[in-house]
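What follows is the content of run-v9.csv (CSV, C-alpha atoms and all ligand atoms).
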```
chain,number,residue,atom,x,y,z
A,1372,MET,CA,-14.8,-3.7,-15.7
A,1373,PRO,CA,-13.1,-3.0,-19.0
A,1374,PRO,CA,-11.9,-6.4,-20.3
A,1375,GLY,CA,-8.3,-5.5,-21.0
A,1376,HIS,CA,-7.6,-3.8,-17.6
A,1377,LEU,CA,-4.6,-5.4,-16.0
A,1378,ASP,CA,-3.4,-2.5,-13.8
A,1379,ALA,CA,-5.2,-2.9,-10.4
A,1380,ALA,CA,-1.9,-2.2,-8.7
A,1381,GLY,CA,-1.7,1.2,-10.4
A,1382,CYS,CA,-5.3,2.3,-10.4
A,1383,ASN,CA,-8.1,-0.2,-10.2
A,1384,VAL,CA,-11.7,0.2,-11.6
A,1385,PRO,CA,-14.3,1.4,-9.1
A,1386,SER,CA,-17.7,-0.4,-9.3
A,1387,ASP,CA,-20.9,1.3,-10.3
A,1388,ARG,CA,-22.0,1.5,-6.6
A,1389,VAL,CA,-18.7,3.3,-5.7
A,1390,LEU,CA,-19.2,5.8,-8.5
A,1391,ASP,CA,-22.8,6.3,-7.5
A,1392,ALA,CA,-21.7,7.0,-3.9
A,1393,VAL,CA,-19.1,9.6,-5.1
A,1394,VAL,CA,-21.5,11.3,-7.4
A,1395,GLY,CA,-24.4,11.1,-4.9
A,1396,HIS,CA,-22.3,12.8,-2.3
A,1397,LEU,CA,-21.3,15.6,-4.7
A,1398,ARG,CA,-24.9,16.2,-5.5
A,1399,ARG,CA,-25.9,16.3,-1.8
A,1400,GLU,CA,-23.1,18.9,-1.3
A,1401,ARG,CA,-24.5,21.0,-4.1
A,1402,GLU,CA,-28.1,20.7,-2.7
A,1403,VAL,CA,-27.5,21.3,1.0
A,1404,GLY,CA,-24.1,22.9,1.0
A,1405,GLY,CA,-20.7,21.2,1.4
A,1406,TYR,CA,-20.8,21.4,5.2
A,1407,GLY,CA,-24.4,20.3,5.4
A,1408,ALA,CA,-23.8,17.1,3.5
A,1409,VAL,CA,-22.1,15.2,6.3
A,1410,ALA,CA,-20.7,11.9,5.1
A,1411,ASP,CA,-21.3,9.1,7.5
A,1412,LEU,CA,-18.0,7.2,7.4
A,1413,GLY,CA,-18.4,5.2,10.7
A,1414,THR,CA,-19.2,1.9,9.0
A,1415,ALA,CA,-16.4,2.4,6.5
A,1416,ARG,CA,-13.9,3.1,9.2
A,1417,SER,CA,-14.9,0.0,11.1
A,1418,ALA,CA,-14.8,-2.2,8.0
A,1419,LEU,CA,-11.4,-0.8,7.0
A,1420,ALA,CA,-10.0,-1.1,10.5
A,1421,ALA,CA,-11.3,-4.7,10.8
A,1422,LEU,CA,-9.1,-5.7,7.8
A,1423,VAL,CA,-6.1,-5.3,10.1
A,1424,GLY,CA,-7.8,-6.1,13.4
A,1425,ALA,CA,-8.2,-2.5,14.5
A,1426,HIS,CA,-11.1,-0.2,15.5
A,1427,ALA,CA,-12.9,2.6,13.7
A,1428,ARG,CA,-11.3,5.3,15.9
A,1429,ASP,CA,-7.8,4.1,14.7
A,1430,VAL,CA,-8.5,5.2,11.1
A,1431,ALA,CA,-7.4,8.6,9.7
A,1432,PHE,CA,-8.2,9.6,6.2
A,1433,LEU,CA,-5.7,11.5,4.1
A,1434,GLU,CA,-5.2,12.2,0.4
A,1435,SER,CA,-2.9,9.3,-0.6
A,1436,GLY,CA,-0.7,6.6,0.8
A,1437,THR,CA,2.3,9.0,0.4
A,1438,ALA,CA,0.5,11.8,2.3
A,1439,ALA,CA,-0.4,9.2,5.1
A,1440,MET,CA,3.2,8.1,5.4
A,1441,ALA,CA,4.5,11.7,5.4
A,1442,ALA,CA,2.0,12.6,8.1
A,1443,LEU,CA,3.0,9.6,10.2
A,1444,LEU,CA,6.8,9.7,9.9
A,1445,GLY,CA,7.0,13.4,9.5
A,1446,GLY,CA,5.4,13.8,12.9
A,1447,TRP,CA,7.2,11.0,14.7
A,1448,ARG,CA,9.4,12.3,17.4
A,1449,LEU,CA,12.7,10.8,16.3
A,1450,ALA,CA,15.7,12.1,18.2
A,1451,PRO,CA,19.0,12.6,16.2
A,1452,GLY,CA,20.7,9.3,15.8
A,1453,SER,CA,17.4,7.3,15.9
A,1454,ARG,CA,17.7,4.1,13.8
A,1455,VAL,CA,15.0,3.6,11.3
A,1456,GLY,CA,14.9,0.2,9.6
A,1457,HIS,CA,13.9,-0.4,6.0
A,1458,THR,CA,14.6,-2.9,3.3
A,1459,ARG,CA,16.0,-2.3,-0.2
A,1460,ALA,CA,12.4,-3.0,-1.5
A,1461,GLU,CA,11.2,0.2,0.2
A,1462,TYR,CA,8.9,2.5,-1.9
A,1463,GLY,CA,10.6,5.4,-3.6
A,1464,SER,CA,8.7,8.2,-1.9
A,1465,THR,CA,9.1,6.6,1.6
A,1466,LEU,CA,12.9,6.4,0.9
A,1467,MET,CA,12.9,10.1,-0.1
A,1468,LEU,CA,11.1,10.9,3.2
A,1469,LEU,CA,13.7,8.8,5.2
A,1470,ARG,CA,16.6,10.6,3.4
A,1471,ARG,CA,15.0,14.0,4.3
A,1472,LEU,CA,14.6,12.9,7.9
A,1473,ALA,CA,18.3,11.8,7.8
A,1474,ALA,CA,19.4,15.1,6.4
A,1475,GLU,CA,17.3,17.4,8.6
A,1476,ARG,CA,16.9,15.5,11.9
A,1477,GLY,CA,19.9,13.2,11.9
A,1478,VAL,CA,17.8,10.0,11.7
A,1479,ARG,CA,19.9,7.0,10.7
A,1480,PRO,CA,18.4,4.7,8.1
A,1481,VAL,CA,19.4,1.0,8.7
A,1482,GLU,CA,19.0,-1.5,5.9
A,1483,VAL,CA,17.5,-4.8,6.9
A,1484,PRO,CA,18.9,-7.7,4.9
A,1485,VAL,CA,16.7,-9.5,2.4
A,1486,ASP,CA,17.1,-12.6,0.2
A,1487,GLY,CA,17.4,-12.8,-3.5
A,1488,ASP,CA,13.7,-12.1,-4.0
A,1489,SER,CA,13.9,-9.1,-1.7
A,1490,ARG,CA,12.0,-11.0,1.0
A,1491,VAL,CA,12.9,-10.0,4.6
A,1492,ASP,CA,15.5,-12.4,6.1
A,1493,LEU,CA,13.9,-13.1,9.5
A,1494,ASP,CA,17.1,-14.2,11.1
A,1495,ALA,CA,18.9,-11.1,10.0
A,1496,LEU,CA,15.9,-9.0,11.1
A,1497,ARG,CA,16.2,-10.6,14.6
A,1498,GLU,CA,19.8,-9.5,14.7
A,1499,VAL,CA,19.1,-5.9,13.5
A,1500,LEU,CA,16.3,-5.7,16.1
A,1501,ALA,CA,18.7,-6.9,18.8
A,1502,GLY,CA,21.1,-4.2,17.8
A,1503,GLY,CA,18.4,-1.6,18.5
A,1504,LEU,CA,15.9,0.1,16.2
A,1505,ASP,CA,13.5,2.9,16.9
A,1506,LEU,CA,11.1,2.1,14.1
A,1507,LEU,CA,10.9,-0.4,11.1
A,1508,THR,CA,9.0,0.3,7.9
A,1509,VAL,CA,8.2,-2.4,5.4
A,1510,PRO,CA,6.0,-2.6,2.3
A,1511,HIS,CA,3.9,-5.7,2.7
A,1512,ILE,CA,3.9,-6.1,-1.1
A,1513,ALA,CA,6.0,-3.7,-3.0
A,1514,SER,CA,5.0,-1.8,-6.1
A,1515,HIS,CA,7.7,-3.2,-8.3
A,1516,ARG,CA,7.8,-6.9,-7.1
A,1517,GLY,CA,4.9,-9.2,-6.3
A,1518,VAL,CA,6.6,-10.8,-3.3
A,1519,VAL,CA,4.4,-11.0,-0.2
A,1520,GLN,CA,6.5,-10.3,2.9
A,1521,PRO,CA,6.2,-12.5,5.9
A,1522,ALA,CA,4.3,-9.8,7.7
A,1523,ARG,CA,3.0,-11.8,10.6
A,1524,GLU,CA,6.5,-13.0,11.5
A,1525,ILE,CA,7.9,-9.5,11.1
A,1526,GLY,CA,5.1,-8.2,13.3
A,1527,ARG,CA,5.8,-10.8,16.0
A,1528,LEU,CA,9.5,-10.1,16.0
A,1529,CYS,CA,9.0,-6.3,16.2
A,1530,ARG,CA,6.5,-6.7,19.1
A,1531,GLU,CA,8.9,-9.0,21.0
A,1532,ALA,CA,11.6,-6.4,20.5
A,1533,GLY,CA,9.3,-3.5,21.4
A,1534,VAL,CA,10.0,-1.8,18.0
A,1535,PRO,CA,7.0,-0.1,16.3
A,1536,LEU,CA,6.4,-1.6,12.8
A,1537,VAL,CA,4.9,0.7,10.1
A,1538,LEU,CA,3.5,-1.7,7.5
A,1539,ASP,CA,2.8,-0.2,4.1
A,1540,VAL,CA,-0.3,-2.0,3.0
A,1541,CYS,CA,-0.9,0.1,-0.2
A,1542,GLN,CA,-0.5,-3.0,-2.3
A,1543,SER,CA,-1.7,-5.6,0.1
A,1544,LEU,CA,-5.0,-4.4,1.6
A,1545,GLY,CA,-7.8,-6.1,-0.4
A,1546,HIS,CA,-5.3,-8.3,-2.0
A,1547,VAL,CA,-3.8,-10.7,0.6
A,1548,ASP,CA,-4.7,-11.3,4.3
A,1549,THR,CA,-3.6,-8.4,6.5
A,1550,GLY,CA,-4.9,-9.8,9.8
A,1551,GLY,CA,-2.9,-10.9,12.8
A,1552,ILE,CA,0.2,-8.8,12.1
A,1553,GLY,CA,0.1,-6.4,15.1
A,1554,ALA,CA,1.8,-3.5,13.4
A,1555,ALA,CA,1.9,-0.1,15.3
A,1556,ALA,CA,0.6,1.6,12.1
A,1557,TYR,CA,-0.7,0.7,8.7
A,1558,VAL,CA,-0.4,3.0,5.6
A,1559,GLY,CA,-2.9,2.4,2.8
A,1560,THR,CA,-4.5,3.8,-0.3
A,1561,SER,CA,-8.0,3.6,-1.8
A,1562,ARG,CA,-7.5,3.2,-5.5
A,1563,LYS,CA,-5.5,-0.1,-5.8
A,1564,TRP,CA,-6.8,-3.4,-4.5
A,1565,LEU,CA,-9.8,-2.0,-2.6
A,1566,ALA,CA,-11.0,-0.4,-5.9
A,1567,GLY,CA,-12.0,2.8,-4.3
A,1568,PRO,CA,-11.7,6.2,-6.0
A,1569,ARG,CA,-8.5,8.1,-6.5
A,1570,GLY,CA,-7.4,10.8,-4.0
A,1571,VAL,CA,-7.9,8.9,-0.7
A,1572,GLY,CA,-5.2,7.3,1.5
A,1573,PHE,CA,-5.4,6.4,5.1
A,1574,LEU,CA,-3.5,5.6,8.3
A,1575,ILE,CA,-4.6,2.9,10.8
A,1576,THR,CA,-2.9,3.3,14.2
A,1577,PRO,CA,-4.1,0.6,16.6
A,1578,GLY,CA,-1.5,1.4,19.2
A,1579,LEU,CA,-2.5,5.0,19.8
A,1580,ALA,CA,-4.7,6.1,22.7
A,1581,GLY,CA,-8.4,6.7,22.1
A,1582,PRO,CA,-10.9,8.7,24.1
A,1583,ASP,CA,-11.6,5.5,26.0
A,1584,ARG,CA,-8.2,3.8,25.9
A,1585,GLU,CA,-4.6,4.2,27.1
A,1586,PRO,CA,-1.9,3.9,24.4
A,1587,ASP,CA,-0.1,0.5,24.3
A,1588,ARG,CA,3.6,0.3,24.6
A,1589,LEU,CA,4.3,1.3,21.0
A,1590,GLY,CA,1.5,3.8,21.1
A,1591,ARG,CA,3.2,5.7,23.9
A,1592,VAL,CA,6.2,6.2,21.5
A,1593,MET,CA,3.9,7.4,18.8
A,1594,ASP,CA,1.8,9.5,21.2
A,1595,ALA,CA,4.8,11.6,21.8
A,1596,ALA,CA,4.7,12.5,18.1
A,1597,ALA,CA,3.7,16.0,17.0
A,1598,PRO,CA,1.8,15.5,13.8
A,1599,SER,CA,2.7,17.6,10.8
A,1600,LEU,CA,-0.8,17.7,9.5
A,1601,GLY,CA,-4.4,17.2,10.6
A,1602,GLY,CA,-6.4,17.6,13.7
A,1603,HIS,CA,-5.3,20.1,16.4
A,1604,PHE,CA,-7.2,22.3,18.7
A,1605,TRP,CA,-6.0,25.4,20.5
A,1606,VAL,CA,-5.7,25.1,24.2
A,1607,GLY,CA,-4.1,27.6,26.6
A,1608,GLY,CA,-2.3,29.4,23.8
A,1609,GLN,CA,-0.8,26.2,22.4
A,1610,PRO,CA,-1.8,23.9,19.5
A,1611,SER,CA,-2.7,20.6,21.0
A,1612,PRO,CA,-3.2,17.4,18.9
A,1613,LEU,CA,-6.4,15.5,19.0
A,1614,THR,CA,-6.4,12.2,20.7
A,1615,GLY,CA,-5.6,9.0,18.7
A,1616,ALA,CA,-5.6,8.7,14.9
A,1617,ALA,CA,-7.8,11.8,14.5
A,1618,ARG,CA,-4.8,14.0,14.9
A,1619,TYR,CA,-3.5,12.8,11.5
A,1620,GLU,CA,-6.8,13.2,9.5
A,1621,SER,CA,-7.1,16.1,7.1
A,1622,ALA,CA,-10.3,18.0,7.7
A,1623,GLU,CA,-10.8,19.5,4.3
A,1624,ALA,CA,-10.9,16.8,1.7
A,1625,SER,CA,-13.0,15.2,-1.0
A,1626,MET,CA,-15.7,13.7,1.3
A,1627,ALA,CA,-17.3,12.3,-1.9
A,1628,ALA,CA,-14.1,10.2,-2.5
A,1629,ARG,CA,-14.0,9.1,1.1
A,1630,SER,CA,-17.7,8.0,0.8
A,1631,GLY,CA,-16.8,6.1,-2.3
A,1632,LEU,CA,-13.9,4.3,-0.5
A,1633,GLY,CA,-16.4,3.4,2.2
A,1634,VAL,CA,-18.7,1.7,-0.3
A,1635,ALA,CA,-15.7,-0.1,-1.9
A,1636,VAL,CA,-14.6,-1.4,1.5
A,1637,LEU,CA,-18.1,-2.6,2.3
A,1638,GLU,CA,-18.3,-4.3,-1.1
A,1639,HIS,CA,-15.0,-6.0,-0.5
A,1640,ARG,CA,-16.4,-7.3,2.8
A,1641,ALA,CA,-19.6,-8.5,1.2
A,1642,LEU,CA,-17.8,-10.3,-1.6
A,1643,GLY,CA,-15.7,-12.1,1.0
A,1644,PRO,CA,-12.0,-11.2,1.5
A,1645,ALA,CA,-10.8,-14.8,1.7
A,1646,ALA,CA,-12.4,-15.7,-1.6
A,1647,LEU,CA,-11.0,-12.6,-3.2
A,1648,HIS,CA,-7.5,-13.2,-1.9
A,1649,ALA,CA,-7.6,-16.8,-3.2
A,1650,ARG,CA,-8.8,-15.6,-6.7
A,1651,LEU,CA,-6.1,-13.0,-6.9
A,1652,ALA,CA,-3.4,-15.5,-5.9
A,1653,GLU,CA,-4.6,-17.9,-8.5
A,1654,LEU,CA,-4.7,-15.1,-11.2
A,1655,GLY,CA,-1.2,-14.1,-10.3
A,1656,VAL,CA,0.1,-17.7,-10.6
A,1657,THR,CA,-1.8,-18.2,-13.9
A,1658,ALA,CA,-0.3,-14.9,-15.3
A,1659,ARG,CA,3.2,-15.8,-14.4
A,1660,ARG,CA,2.9,-19.3,-15.9
A,1661,LEU,CA,1.6,-17.7,-19.1
A,1662,LEU,CA,4.0,-14.7,-19.3
A,1663,ASP,CA,7.3,-16.0,-17.9
A,1664,GLY,CA,9.5,-16.8,-20.8
A,1665,ALA,CA,7.2,-15.2,-23.4
A,1666,GLY,CA,9.5,-13.4,-25.9
A,1667,GLY,CA,12.3,-13.7,-23.3
A,1668,TRP,CA,10.5,-11.7,-20.6
A,1669,ARG,CA,11.0,-13.1,-17.1
A,1670,ALA,CA,8.9,-13.0,-14.0
A,1671,GLY,CA,10.4,-10.8,-11.2
A,1672,GLU,CA,9.1,-13.0,-8.4
A,1673,PRO,CA,8.7,-16.8,-7.9
A,1674,LEU,CA,6.1,-18.2,-10.2
A,1675,GLY,CA,4.0,-19.6,-7.4
A,1676,GLU,CA,4.0,-16.3,-5.3
A,1677,PRO,CA,0.4,-15.9,-4.0
A,1678,SER,CA,-0.1,-12.4,-5.2
A,1679,ALA,CA,-1.6,-10.7,-8.4
A,1680,VAL,CA,1.3,-8.3,-8.8
A,1681,VAL,CA,3.2,-9.9,-11.6
A,1682,THR,CA,6.4,-8.1,-12.8
A,1683,LEU,CA,8.3,-8.9,-16.0
A,1684,ARG,CA,11.9,-8.1,-16.7
A,1685,PRO,CA,12.8,-7.3,-20.3
A,1686,PRO,CA,14.6,-9.9,-22.4
A,1687,PRO,CA,18.4,-9.9,-21.9
A,1688,GLY,CA,20.2,-7.7,-24.4
A,1689,ALA,CA,17.3,-5.4,-24.9
A,1690,ASP,CA,17.5,-1.8,-23.8
A,1691,PRO,CA,15.2,-2.2,-20.8
A,1692,VAL,CA,13.7,1.4,-20.9
A,1693,ALA,CA,12.8,1.1,-24.5
A,1694,ALA,CA,11.6,-2.5,-24.2
A,1695,VAL,CA,9.2,-1.7,-21.3
A,1696,GLU,CA,7.9,1.4,-23.0
A,1697,GLU,CA,7.4,-0.5,-26.3
A,1698,ALA,CA,5.7,-3.5,-24.7
A,1699,GLY,CA,3.3,-1.2,-22.8
A,1700,ALA,CA,2.5,0.6,-26.0
A,1701,ARG,CA,1.9,-2.6,-28.0
A,1702,ALA,CA,-0.4,-3.9,-25.2
A,1703,ALA,CA,-2.3,-0.5,-25.2
A,1704,ALA,CA,-2.7,-0.8,-29.0
A,1705,ALA,CA,-4.4,-4.2,-28.3
A,1706,SER,CA,-6.6,-2.5,-25.6
A,1707,LEU,CA,-4.7,-4.1,-22.8
A,1708,LEU,CA,-3.7,-1.8,-19.9
A,1709,VAL,CA,-0.6,-2.9,-18.1
A,1710,GLY,CA,1.7,-0.9,-15.8
A,1711,THR,CA,5.3,0.2,-16.3
A,1712,VAL,CA,7.4,0.6,-13.2
A,1713,PRO,CA,10.3,3.1,-13.3
A,1714,VAL,CA,13.5,2.6,-11.3
A,1715,ALA,CA,12.5,5.6,-9.1
A,1716,ARG,CA,9.6,3.6,-7.6
A,1717,ALA,CA,12.2,1.4,-5.8
A,1718,PRO,CA,15.6,2.9,-6.4
A,1719,LEU,CA,17.5,0.5,-4.1
A,1720,ASP,CA,16.0,-2.7,-5.6
A,1721,LEU,CA,15.4,-2.0,-9.3
A,1722,ALA,CA,18.3,-1.7,-11.7
A,1723,ALA,CA,16.0,-1.2,-14.7
A,1724,PRO,CA,12.3,-0.6,-15.2
A,1725,VAL,CA,9.9,-3.5,-15.3
A,1726,LEU,CA,6.5,-4.2,-16.8
A,1727,ARG,CA,3.7,-4.9,-14.3
A,1728,VAL,CA,0.6,-7.0,-14.9
A,1729,SER,CA,-1.9,-6.8,-12.1
A,1730,PRO,CA,-5.4,-8.3,-12.8
A,1731,ALA,CA,-8.3,-7.4,-10.6
A,1732,PRO,CA,-10.5,-10.4,-9.4
A,1733,GLY,CA,-12.9,-9.8,-12.3
A,1734,ALA,CA,-10.2,-9.8,-14.9
A,1735,CYS,CA,-10.7,-12.1,-17.9
A,1736,GLU,CA,-8.0,-14.7,-18.4
A,1737,GLU,CA,-8.2,-14.3,-22.1
A,1738,SER,CA,-6.5,-10.9,-21.8
A,1739,LEU,CA,-3.5,-12.6,-20.1
A,1740,HIS,CA,-3.3,-15.0,-23.1
A,1741,ALA,CA,-3.5,-12.0,-25.5
A,1742,LEU,CA,-0.6,-10.3,-23.5
A,1743,ALA,CA,1.5,-13.5,-23.7
A,1744,ARG,CA,1.1,-13.5,-27.5
A,1745,ILE,CA,2.0,-9.8,-27.7
A,1746,LEU,CA,5.2,-10.3,-25.6
A,1747,ALA,CA,6.1,-13.3,-27.7
A,1748,GLY,CA,5.7,-11.1,-30.8
A,1749,ARG,CA,3.0,-13.4,-32.2
A,1750,PRO,CA,0.0,-12.0,-34.2
A,1751,LEU,CA,-3.0,-11.7,-31.9
A,1752,SER,CA,-5.1,-14.1,-33.9
A,1753,ALA,CA,-2.6,-16.9,-33.5
B,1,LIG,C1,1.1,3.2,-4.4
B,1,LIG,C2,2.0,2.9,-3.3
B,1,LIG,C3,2.3,3.8,-2.3
B,1,LIG,C4,1.8,5.2,-2.3
B,1,LIG,O1,0.5,5.4,-2.4
B,1,LIG,P1,-0.1,6.7,-3.1
B,1,LIG,O2,-1.6,6.6,-2.8
B,1,LIG,O3,0.2,6.5,-4.6
B,1,LIG,O4,0.6,7.8,-2.6
B,1,LIG,C5,3.2,3.4,-1.2
B,1,LIG,N1,3.7,2.2,-1.2
B,1,LIG,C6,3.4,1.2,-2.1
B,1,LIG,C7,4.0,-0.1,-2.0
B,1,LIG,C8,2.6,1.6,-3.2
B,1,LIG,O5,2.4,0.7,-4.2
```
Step by step, read the file and then write its structure as structure tokens.
Amino acid sequence: MPPGHLDAAGCNVPSDRVLDAVVGHLRREREVGGYGAVADLGTARSALAALVGAHARDVAFLESGTAAMAALLGGWRLAPGSRVGHTRAEYGSTLMLLRRLAAERGVRPVEVPVDGDSRVDLDALREVLAGGLDLLTVPHIASHRGVVQPAREIGRLCREAGVPLVLDVCQSLGHVDTGGIGAAAYVGTSRKWLAGPRGVGFLITPGLAGPDREPDRLGRVMDAAAPSLGGHFWVGGQPSPLTGAARYESAEASMAARSGLGVAVLEHRALGPAALHARLAELGVTARRLLDGAGGWRAGEPLGEPSAVVTLRPPPGADPVAAVEEAGARAAAASLLVGTVPVARAPLDLAAPVLRVSPAPGACEESLHALARILAGRPLSA
């Protein structure tokens, strides 16, 4: 991978094998025709589903995490007055979707209390659940803050309360452990920690019925949903959704990119998820220790947080917009690629933009040292 790449949370670097799979599929489409070059995605679906303890048939591919969330929530049958829980750390585009559902369908967003790090307060969640929720959506790791939410505990409380949990794993799949949570649905994306190609997102819906399975308790709620996109067939003069996750999948798409994601997921499995998670947690802690305080920049999450999403707030007194832009540009001039996170990414939680440093497992630590020198305003050779 390019040595200065520190933006896995924005868009990671696909491996040679992933690129070969994408290009190979495009070539086959040219040779035998697009519809002749059938991509075998079965193994990829199983491997992806296994990361959250689900089955291949629970996976639906879409074009992005945003498209997957829109297909899921847009199709959910939420009666006027339905209470949809979220936290202030919710992703900008999901919040926009919730606002639209509130305006058009009378859905009522309910904010779940969090602590000073925007981590879900489990006691407060218990109370909100006791007060009645129809659905809870939580980003496992947000885009603007490297805090890992206590997803297992959240999942357990939601199951006990019979409330479907939609866990946004766009920043967590491939990054931290996503097993044992028991969410009703997971929303993910290819290009971040799984290092797949751009242009693919997915939904994993373990609770829904399959051809050989009844829906579980949460799945029955979701099964009543009429999807806004994806697989329908025409029966008796009516559009009728396909069974299970297939109803959400878009039929016309870049099959080359989906094939590439499949290879990326298999590579992730072959490298060993537990070892990758440990490496990423260690890189994140190393990065925060090096960068927190450099030139007055401060980490936006606890230094020991076990994630490789490292956010940095500009020094006090600086114009944050200009400081973040300028730091990003100075890093780029030194061939370091870091992310900048605008307020719109998490409008309820961010008062000002932040810089985001997110090393992939293969990142070289020297680039973190170089970035620390840049933020401190020291010459690179020092
Ligand atoms: C990136 C991201 C999304 C959206 O995924 P896209 O593929 O960019 O649409 C949703 N939630 C979080 C936390 C993200 O980081």
Which residues sit within 6 Å of ligand LIG 1 (chain B), counting all atoms listed in the file, listed as a PyMOL selection string? chain A and resi 1435-1437+1462+1510+1513-1514+1539+1541-1542+1560+1572
Is there a way to get, as a PyMOL selection string, all residues within 8 Å of the point (14.5, -1.0, -1.3) in file coordinates, counting only C-alpha atoms? chain A and resi 1457-1463+1466+1717-1720
Please write the residues from the selection above to a file, keeping C-alpha atoms, as a CSV table (one decimal), in the frame of the given file.
```csv
chain,number,residue,atom,x,y,z
A,1457,HIS,CA,13.9,-0.4,6.0
A,1458,THR,CA,14.6,-2.9,3.3
A,1459,ARG,CA,16.0,-2.3,-0.2
A,1460,ALA,CA,12.4,-3.0,-1.5
A,1461,GLU,CA,11.2,0.2,0.2
A,1462,TYR,CA,8.9,2.5,-1.9
A,1463,GLY,CA,10.6,5.4,-3.6
A,1466,LEU,CA,12.9,6.4,0.9
A,1717,ALA,CA,12.2,1.4,-5.8
A,1718,PRO,CA,15.6,2.9,-6.4
A,1719,LEU,CA,17.5,0.5,-4.1
A,1720,ASP,CA,16.0,-2.7,-5.6
```
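Take atom CA of Leu1637 of chain A and atom CA of Met1440 of chain A: the distance between them is 24.0 Å.
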Let me make sure I understand: among A:Met1467, A:Cys1529, A:Leu1493, A:Ala1418, which one has the smallest atom-to-atom distance to Ala1441 of chain A if we use all atoms listed in the file? A:Met1467
Minimum-distance residue to Leu1565 of chain A, chosen among A:Leu1377, A:Leu1504, A:Val1384, A:Val1519 (using only C-alpha atoms): A:Val1384
For atom CA of Pro1673 of chain A and atom CA of Arg1523 of chain A, the interatomic separation in Å (one decimal):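 Here the two named atoms are 20.0 Å from each other.
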So which residues fall inside 12 Å of (16.9, -4.6, 21.3) if we count only C-alpha atoms? Mind giving them as a PyMOL selection string? chain A and resi 1454+1496-1506+1528-1535
Would you mind telling me which residue in A:Val1509, A:Leu1662, A:Ile1745, A:Leu1632 lies nearest to Leu1683 of chain A when using only C-alpha atoms?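 Of the candidates, the smallest distance to Leu1683 of chain A is held by A:Leu1662.
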Rounded to one decimal in Å, what is the spacing between atom CA of Val1714 of chain A and atom CA of Ala1693 of chain A? 13.3 Å
Give me, as a PyMOL selection string, all polymer residues having an atom no more than 9 Å from Arg1527 of chain A, counting only C-alpha atoms and skipping those fewer than 6 positions away in the same chain. chain A and resi 1552-1554
Identify which of the residues A:Glu1623, A:Ala1438, A:His1376, A:Ala1741 lies closest to Thr1465 of chain A, counting only C-alpha atoms when measuring atom-to-atom distances.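 For Thr1465 of chain A, the nearest of the given residues is A:Ala1438.
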